[in-house]
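Okay, target_19.json now, which holds JSON, C-alpha atoms:
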```
[["chain", "number", "residue", "atom", "x", "y", "z"],
["A", 255, "MET", "CA", 29.42, -25.56, -7.07],
["A", 256, "GLY", "CA", 25.62, -25.43, -7.44],
["A", 257, "ASN", "CA", 23.33, -28.42, -7.71],
["A", 258, "ARG", "CA", 22.53, -29.83, -11.14],
["A", 259, "THR", "CA", 19.01, -29.24, -12.47],
["A", 260, "ALA", "CA", 16.89, -31.79, -14.31],
["A", 261, "THR", "CA", 18.01, -30.32, -17.65],
["A", 262, "GLY", "CA", 21.70, -30.56, -16.75],
["A", 263, "GLY", "CA", 22.24, -26.87, -15.94],
["A", 264, "VAL", "CA", 23.53, -25.56, -12.65],
["A", 265, "ALA", "CA", 20.93, -24.33, -10.20],
["A", 266, "PRO", "CA", 21.71, -21.22, -8.15],
["A", 267, "GLU", "CA", 22.66, -21.69, -4.53],
["A", 268, "LYS", "CA", 19.60, -21.85, -2.33],
["A", 269, "LYS", "CA", 19.03, -19.05, 0.12],
["A", 270, "ARG", "CA", 18.14, -20.25, 3.57],
["A", 271, "ARG", "CA", 14.69, -19.09, 4.55],
["A", 272, "LYS", "CA", 14.12, -18.21, 8.14],
["A", 273, "LYS", "CA", 11.27, -20.30, 9.38],
["A", 274, "ARG", "CA", 8.68, -18.29, 11.20],
["A", 275, "PRO", "CA", 8.29, -19.75, 14.66],
["A", 276, "CYS", "CA", 4.86, -21.11, 15.44],
["A", 277, "ASN", "CA", 3.25, -18.83, 17.97],
["A", 278, "GLY", "CA", 0.17, -19.01, 20.14],
["A", 279, "ARG", "CA", -1.88, -16.95, 17.68],
["A", 280, "ASP", "CA", -1.28, -19.46, 14.88],
["A", 281, "ILE", "CA", -2.24, -22.36, 17.12],
["A", 282, "ALA", "CA", -5.38, -20.57, 18.36],
["A", 283, "GLN", "CA", -6.45, -19.73, 14.80],
["A", 284, "ALA", "CA", -5.91, -23.33, 13.67],
["A", 285, "VAL", "CA", -7.99, -24.70, 16.55],
["A", 286, "LEU", "CA", -10.78, -22.10, 16.18],
["A", 287, "GLU", "CA", -11.24, -23.01, 12.50],
["A", 288, "TYR", "CA", -12.66, -26.38, 13.52],
["A", 289, "ILE", "CA", -15.02, -25.49, 16.39],
["A", 290, "PRO", "CA", -18.62, -25.94, 15.20],
["A", 291, "SER", "CA", -21.88, -24.27, 16.23],
["A", 292, "THR", "CA", -22.63, -20.96, 17.87],
["A", 293, "LEU", "CA", -19.77, -21.44, 20.33],
["A", 294, "GLY", "CA", -17.29, -21.54, 17.43],
["A", 295, "LEU", "CA", -18.82, -18.43, 15.84],
["A", 296, "ARG", "CA", -18.57, -16.51, 19.11],
["A", 297, "LEU", "CA", -14.98, -17.59, 19.75],
["A", 298, "ARG", "CA", -13.85, -16.74, 16.21],
["A", 299, "ASN", "CA", -15.62, -13.36, 16.40],
["A", 300, "ARG", "CA", -13.87, -12.53, 19.67],
["A", 301, "PHE", "CA", -10.48, -13.80, 18.42],
["A", 302, "TYR", "CA", -10.51, -11.85, 15.14],
["A", 303, "ARG", "CA", -11.79, -8.72, 16.85],
["A", 304, "LYS", "CA", -8.72, -8.80, 19.13],
["A", 305, "ILE", "CA", -6.13, -9.89, 16.56],
["A", 306, "CYS", "CA", -7.16, -7.88, 13.47],
["A", 307, "LEU", "CA", -6.01, -4.32, 12.92],
["A", 308, "ARG", "CA", -9.61, -3.18, 13.44],
["A", 309, "GLY", "CA", -12.69, -5.32, 13.90],
["A", 310, "GLY", "CA", -16.34, -4.34, 13.82],
["A", 311, "ARG", "CA", -19.33, -5.87, 15.53],
["A", 312, "ASN", "CA", -21.13, -9.03, 14.48],
["A", 313, "LEU", "CA", -18.51, -10.91, 12.44],
["A", 314, "HIS", "CA", -19.81, -14.26, 11.19],
["A", 315, "ALA", "CA", -16.68, -16.30, 10.42],
["A", 316, "SER", "CA", -17.81, -19.83, 9.53],
["A", 317, "ARG", "CA", -15.76, -22.93, 10.12],
["A", 318, "TYR", "CA", -12.57, -23.40, 8.07],
["A", 319, "VAL", "CA", -12.07, -19.68, 7.42],
["A", 320, "HIS", "CA", -8.34, -18.92, 7.33],
["A", 321, "ILE", "CA", -6.71, -15.49, 7.43],
["A", 322, "GLU", "CA", -2.98, -15.07, 6.82],
["A", 323, "CYS", "CA", -1.54, -11.99, 8.59],
["A", 324, "PRO", "CA", -4.81, -11.03, 10.37],
["A", 325, "GLU", "CA", -2.99, -8.14, 12.04],
["A", 326, "LYS", "CA", -3.04, -6.37, 8.62],
["A", 327, "MET", "CA", -6.77, -6.81, 8.05],
["A", 328, "CYS", "CA", -9.65, -4.62, 9.19],
["A", 329, "TYR", "CA", -13.35, -5.27, 8.83],
["A", 330, "GLY", "CA", -16.55, -3.40, 9.60],
["A", 331, "ASP", "CA", -19.85, -4.38, 11.17],
["A", 332, "ASN", "CA", -22.02, -7.29, 10.00],
["A", 333, "VAL", "CA", -19.41, -9.11, 7.90],
["A", 334, "THR", "CA", -19.95, -12.73, 6.84],
["A", 335, "LEU", "CA", -17.03, -14.98, 5.84],
["A", 336, "ASN", "CA", -18.41, -18.32, 4.64],
["A", 337, "MET", "CA", -16.77, -21.74, 4.89],
["A", 338, "PHE", "CA", -13.32, -22.25, 3.37],
["A", 339, "THR", "CA", -12.74, -18.55, 2.72],
["A", 340, "TRP", "CA", -8.99, -17.87, 2.53],
["A", 341, "ILE", "CA", -7.61, -14.36, 2.96],
["A", 342, "ASN", "CA", -3.96, -13.36, 2.55],
["A", 343, "ALA", "CA", -3.84, -9.95, 4.24],
["A", 344, "ALA", "CA", -0.04, -9.48, 4.02],
["A", 345, "GLY", "CA", -0.50, -6.39, 1.85],
["A", 346, "GLY", "CA", -3.53, -5.17, 3.79],
["A", 347, "VAL", "CA", -7.21, -6.00, 3.42],
["A", 348, "GLU", "CA", -10.08, -3.65, 4.31],
["A", 349, "ILE", "CA", -13.63, -5.02, 4.41],
["A", 350, "GLY", "CA", -16.50, -2.56, 4.90],
["A", 351, "ASN", "CA", -19.85, -2.90, 6.67],
["A", 352, "ASN", "CA", -22.58, -5.37, 5.65],
["A", 353, "VAL", "CA", -20.34, -7.45, 3.39],
["A", 354, "LEU", "CA", -21.22, -11.03, 2.39],
["A", 355, "ILE", "CA", -18.36, -13.27, 1.29],
["A", 356, "GLY", "CA", -19.44, -16.64, -0.09],
["A", 357, "PRO", "CA", -17.81, -20.04, 0.43],
["A", 358, "ARG", "CA", -14.36, -20.81, -0.99],
["A", 359, "VAL", "CA", -13.58, -17.18, -1.82],
["A", 360, "ILE", "CA", -9.86, -16.32, -2.07],
["A", 361, "ILE", "CA", -8.63, -12.80, -1.39],
["A", 362, "HIS", "CA", -4.95, -12.08, -2.15],
["A", 363, "SER", "CA", -3.11, -8.90, -1.20],
["A", 364, "ALA", "CA", 0.33, -10.25, -2.09],
["A", 365, "ASN", "CA", 1.85, -11.87, -5.15],
["A", 366, "HIS", "CA", 5.21, -13.33, -6.16],
["A", 367, "ARG", "CA", 7.65, -11.22, -8.14],
["A", 368, "PHE", "CA", 8.89, -12.91, -11.32],
["A", 369, "ALA", "CA", 10.63, -10.29, -13.51],
["A", 370, "ASP", "CA", 14.19, -11.63, -13.16],
["A", 371, "ARG", "CA", 14.63, -14.64, -15.45],
["A", 372, "GLU", "CA", 17.96, -15.57, -13.87],
["A", 373, "THR", "CA", 16.60, -15.96, -10.33],
["A", 374, "PRO", "CA", 14.04, -18.65, -9.46],
["A", 375, "ILE", "CA", 10.65, -17.09, -8.75],
["A", 376, "ARG", "CA", 10.62, -18.42, -5.20],
["A", 377, "TYR", "CA", 13.64, -16.22, -4.34],
["A", 378, "GLN", "CA", 12.40, -12.95, -5.89],
["A", 379, "GLY", "CA", 10.22, -11.91, -2.99],
["A", 380, "HIS", "CA", 6.69, -10.59, -2.96],
["A", 381, "GLU", "CA", 4.77, -7.53, -4.10],
["A", 382, "TYR", "CA", 2.16, -6.24, -1.65],
["A", 383, "ARG", "CA", -0.98, -4.31, -2.68],
["A", 384, "ARG", "CA", -3.98, -3.45, -0.52],
["A", 385, "VAL", "CA", -7.41, -4.92, -1.30],
["A", 386, "VAL", "CA", -10.43, -2.78, -0.38],
["A", 387, "ILE", "CA", -13.98, -4.13, -0.27],
["A", 388, "GLU", "CA", -16.40, -1.28, 0.39],
["A", 389, "ASP", "CA", -19.78, -1.41, 2.19],
["A", 390, "ASP", "CA", -22.73, -3.57, 1.10],
["A", 391, "VAL", "CA", -20.79, -5.90, -1.22],
["A", 392, "TRP", "CA", -21.70, -9.51, -2.02],
["A", 393, "ILE", "CA", -18.91, -11.78, -3.28],
["A", 394, "GLY", "CA", -20.24, -15.06, -4.68],
["A", 395, "GLY", "CA", -18.79, -18.46, -3.90],
["A", 396, "GLY", "CA", -15.45, -19.42, -5.44],
["A", 397, "ALA", "CA", -14.55, -15.90, -6.53],
["A", 398, "ILE", "CA", -10.90, -14.83, -6.49],
["A", 399, "ILE", "CA", -9.91, -11.26, -5.65],
["A", 400, "LEU", "CA", -6.36, -10.35, -6.72],
["A", 401, "PRO", "CA", -3.96, -7.78, -5.16],
["A", 402, "GLY", "CA", -4.63, -4.06, -5.55],
["A", 403, "VAL", "CA", -8.36, -4.39, -6.29],
["A", 404, "ARG", "CA", -11.06, -2.06, -4.93],
["A", 405, "ILE", "CA", -14.62, -3.36, -5.00],
["A", 406, "GLY", "CA", -17.02, -0.41, -4.90],
["A", 407, "LYS", "CA", -19.98, 0.10, -2.59],
["A", 408, "GLY", "CA", -23.01, -2.05, -3.37],
["A", 409, "ALA", "CA", -21.22, -4.20, -5.97],
["A", 410, "VAL", "CA", -21.92, -7.88, -6.61],
["A", 411, "VAL", "CA", -19.17, -10.29, -7.70],
["A", 412, "GLY", "CA", -20.54, -13.40, -9.43],
["A", 413, "ALA", "CA", -19.63, -16.90, -8.32],
["A", 414, "GLY", "CA", -16.32, -18.08, -9.75],
["A", 415, "ALA", "CA", -15.27, -14.64, -11.01],
["A", 416, "VAL", "CA", -11.60, -13.65, -11.03],
["A", 417, "VAL", "CA", -11.39, -9.96, -10.15],
["A", 418, "THR", "CA", -8.23, -8.41, -11.60],
["A", 419, "LYS", "CA", -9.34, -4.73, -11.77],
["A", 420, "ASP", "CA", -11.37, -2.31, -9.68],
["A", 421, "VAL", "CA", -15.13, -2.88, -9.61],
["A", 422, "PRO", "CA", -17.30, 0.27, -9.90],
["A", 423, "PRO", "CA", -19.92, 0.94, -7.20],
["A", 424, "PHE", "CA", -23.34, -0.72, -7.69],
["A", 425, "SER", "CA", -22.17, -2.89, -10.57],
["A", 426, "VAL", "CA", -22.44, -6.64, -11.09],
["A", 427, "VAL", "CA", -19.32, -8.38, -12.39],
["A", 428, "ALA", "CA", -18.81, -11.97, -13.54],
["A", 429, "GLY", "CA", -16.43, -14.09, -15.59],
["A", 430, "VAL", "CA", -12.73, -14.74, -15.96],
["A", 431, "PRO", "CA", -11.46, -12.08, -15.88],
["A", 432, "ALA", "CA", -14.40, -10.34, -14.23],
["A", 433, "ARG", "CA", -16.27, -7.81, -16.39],
["A", 434, "VAL", "CA", -19.23, -5.57, -15.64],
["A", 435, "ILE", "CA", -22.39, -7.31, -16.89],
["A", 436, "LYS", "CA", -24.95, -4.88, -15.47],
["A", 437, "GLU", "CA", -25.66, -2.16, -12.93],
["A", 438, "ARG", "CA", -27.88, -2.69, -9.91]]
```

Please go through the file and, once you have read it, give me the structure as structure tokens.
Amino acid sequence: MGNRTATGGVAPEKKRRKKRPCNGRDIAQAVLEYIPSTLGLRLRNRFYRKICLRGGRNLHASRYVHIECPEKMCYGDNVTLNMFTWINAAGGVEIGNNVLIGPRVIIHSANHRFADRETPIRYQGHEYRRVVIEDDVWIGGGAIILPGVRIGKGAVVGAGAVVTKDVPPFSVVAGVPARVIKER
């Protein structure tokens, strides 16, 4: 018999999740997030270049940058990831050349499924969709990029924007949800 819920109903039996064992890569990433100064930048650059699917030259990954599934992410040359940037690359993330990503930006390439009302959301699995950020893009601080989005070459994403759809090349988007406010 299932457990009782707060409303008196019967909750479905819980599925046992396999815990992912902590590996050396996870430990190294956690430690590298906290190393300050030029030494930290160099170590993070070297680490991500080895661990990511493809890594360009001159990555500037500030302190407290965290990338989930870095083996599914590729980035080009001269990419800046500012402090507290969080990237979930489970569905794949491609970042072009000369891209600036401001502080506290969140990039998701995966999302929970929730169509089945009878099954708790946590047991319905995930939907994976690639995020592509083309060359010469600037993403302002606090922006959120959702799964399946392509940000076109030369685009600017305003601070705090929530990008739910593709962004045309050389456009400036802002707001929640993000809308084109002008061309550059």

Can you list, as a PyMOL selection string, every protein, DNA or RNA residue that comes within 6 Å of region 395-408 of chain A when you count all atoms listed in the file, leaving out same-chain residues fewer than 3 positions away? chain A and resi 356-364+383-391+413-424

In terms of only C-alpha atoms, the residue from A:Leu354, A:Val347, A:Ala369, A:Leu286 at minimal distance from Ala409 (chain A) is A:Leu354

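Between CA of Arg300 (chain A) and CA of Asn312 (chain A) the separation is 9.6 Å.
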
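Using only C-alpha atoms, the smallest distance between any of A:Tyr382, A:Gly346, A:Ala432, A:Cys328 and His366 (chain A) comes from A:Tyr382.
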
Distance CA of Arg296 (chain A)-CA of Ile321 (chain A), one decimal place? 16.7 Å
